[in-house]
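Please read the structure below before turning to the comments.
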Amino acid sequence: MPRDTFHDASDDALLILYANGDTEAARALTLRLTPKVFGHAYRMLGDRAEAEDVSQEALIRLWKQAKVWRQGEAKVTTWLYRVVANLCTDRLRKTKGVALDAVPEPEDNALSAAEGMQHKARVDALQDALNTLPDRQKQAVILRHIEGMTNPEIAEIMEIGIEAVESLTARGKRGLAKALAGRKDELGYSDD
């Protein structure tokens, strides 16, 4: 397949092409999926190095799955998010009781120093608040409100019902609100 058509190709098509020996398709799919996979892992783990390891492991598992991929049974991204979630859950279980290192977000050069500090404070506050949630609530909130997935997609990834997703998300949002209560002024939010 010509390189310029990879942009419009589905994830399934690229995975099938890779399974048939097209390394350019693998490169295109990797470039497409890595930011999503890394972002989800980072939000779940709160640690950049751990998230990079999980992302790499998840993509390796995807490449191993390519030869036996059954197109149409599940979306590649749904399968991949489930793998990432499972890998993150395994790592979180191993580190329960141990504080995760707080890794600062890279500074955006377009922001002033004060804006950069404000942004970092908000990101850190959100990550700290996410880390107070039980793992399943945290995962549901991240998938819904940060990754922008629908409840049916989340239900498939988490292997639960839609009502359970709604419940986890609602409880997670309440937990975040409680964890962030009283920090509006500190984080530079106003009622305007």
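In the structure tokens, the first chain shown is A, the next is B, and so on; residue numbers restart at 1 for each chain, and ligands run from 1 in the order shown.
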Sorted by chain and rising residue number, list the residues of stretch 16-37 of chain A at most 12 Å from stretch 43-55 of chain A (counting only C-alpha atoms), each with its closest atom pair and distance in Å to one decimal, as CSV.
```
residue,atom,partner,partner_atom,distance
A:Thr30,CA,A:Ser55,CA,10.4
A:Leu33,CA,A:Ser55,CA,9.5
A:Thr34,CA,A:Ser55,CA,6.9
A:Pro35,CA,A:Ser55,CA,9.0
A:Lys36,CA,A:Ser55,CA,9.2
A:Val37,CA,A:Ser55,CA,5.7
```
Keeping only all heavy atoms, take the residues you just selected and write them out as a compact mmCIF listing (two decimals), in the first residue's frame.
```txt
# COMPACT_ATOMS: atom_id res chain seq x y z
N THR A 30 2.00 2.36 14.55
CA THR A 30 2.73 2.71 15.77
C THR A 30 2.65 4.22 16.01
O THR A 30 2.38 4.66 17.14
CB THR A 30 4.20 2.27 15.67
OG1 THR A 30 4.24 0.86 15.52
CG2 THR A 30 4.98 2.66 16.91
N LEU A 33 -0.94 5.04 17.22
CA LEU A 33 -1.42 4.50 18.50
C LEU A 33 -0.56 4.85 19.71
O LEU A 33 -1.07 4.92 20.83
CB LEU A 33 -1.56 2.98 18.40
CG LEU A 33 -2.58 2.46 17.40
CD1 LEU A 33 -2.56 0.95 17.36
CD2 LEU A 33 -3.97 2.98 17.71
N THR A 34 0.73 5.05 19.52
CA THR A 34 1.62 5.27 20.66
C THR A 34 1.20 6.44 21.54
O THR A 34 1.17 6.28 22.77
CB THR A 34 3.09 5.42 20.19
OG1 THR A 34 3.47 4.19 19.55
CG2 THR A 34 4.01 5.69 21.36
N PRO A 35 0.86 7.61 21.00
CA PRO A 35 0.45 8.69 21.91
C PRO A 35 -0.77 8.35 22.75
O PRO A 35 -0.84 8.69 23.93
CB PRO A 35 0.14 9.86 20.95
CG PRO A 35 0.88 9.55 19.70
CD PRO A 35 0.91 8.05 19.60
N LYS A 36 -1.73 7.65 22.18
CA LYS A 36 -2.93 7.25 22.92
C LYS A 36 -2.58 6.26 24.02
O LYS A 36 -3.03 6.38 25.16
CB LYS A 36 -3.95 6.62 21.97
CG LYS A 36 -4.50 7.57 20.93
CD LYS A 36 -5.42 6.83 19.98
CE LYS A 36 -5.89 7.76 18.88
NZ LYS A 36 -6.77 7.09 17.93
N VAL A 37 -1.79 5.25 23.65
CA VAL A 37 -1.41 4.21 24.60
C VAL A 37 -0.58 4.80 25.74
O VAL A 37 -0.84 4.54 26.91
CB VAL A 37 -0.62 3.09 23.87
CG1 VAL A 37 0.00 2.12 24.84
CG2 VAL A 37 -1.54 2.37 22.89
```
Selection near stretch 61-71 of chain A, 7 Å with only C-alpha atoms, sequence-local residues under 5 positions removed, as a ChimeraX atom specification: /A:12,15-16,19
How would the residues just chosen look if you wrote them out with N, CA and C atoms as an mmCIF file, in the first residue's frame?
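Below is the file that was written, again24.cif:
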```cif
data_model
loop_
_atom_site.group_PDB
_atom_site.id
_atom_site.type_symbol
_atom_site.label_atom_id
_atom_site.label_comp_id
_atom_site.auth_asym_id
_atom_site.auth_seq_id
_atom_site.Cartn_x
_atom_site.Cartn_y
_atom_site.Cartn_z
ATOM 1 N N ASP A 12 -7.413 -1.752 11.733
ATOM 2 C CA ASP A 12 -7.494 -3.161 11.337
ATOM 3 C C ASP A 12 -6.708 -3.407 10.054
ATOM 4 N N LEU A 15 -2.994 -3.312 10.624
ATOM 5 C CA LEU A 15 -2.526 -4.490 11.350
ATOM 6 C C LEU A 15 -2.461 -5.700 10.421
ATOM 7 N N ILE A 16 -3.445 -5.855 9.561
ATOM 8 C CA ILE A 16 -3.453 -6.960 8.597
ATOM 9 C C ILE A 16 -2.291 -6.802 7.613
ATOM 10 N N ALA A 19 0.786 -7.878 9.310
ATOM 11 C CA ALA A 19 0.820 -9.341 9.416
ATOM 12 C C ALA A 19 1.266 -9.976 8.105
#
```
Distance query stretch 159-172 of chain A at most 8 Å, only C-alpha atoms, self and fewer than 5 positions along chain excluded, as an MDAnalysis selection string: chainID A and resid 133 136:138 140:141 144 151:152 154
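Atom to atom, atom CA of A:Leu80 and atom CA of A:His7 stand 19.3 Å apart.
Atom to atom, atom CA of A:Ala28 and atom CA of A:Asp8 stand 10.6 Å apart.
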Helix (DSSP H, G or I) positions in chain A, given as a VMD selection string: chain A and resid 3 to 8 11 to 19 23 to 45 48 to 68 76 to 94 113 to 132 135 to 146 151 to 158 162 to 180
Among the residues A:Asp90, A:Glu73, A:Glu115, A:Glu147, the one that comes closest to A:Asp135 [using only C-alpha atoms]: A:Asp90
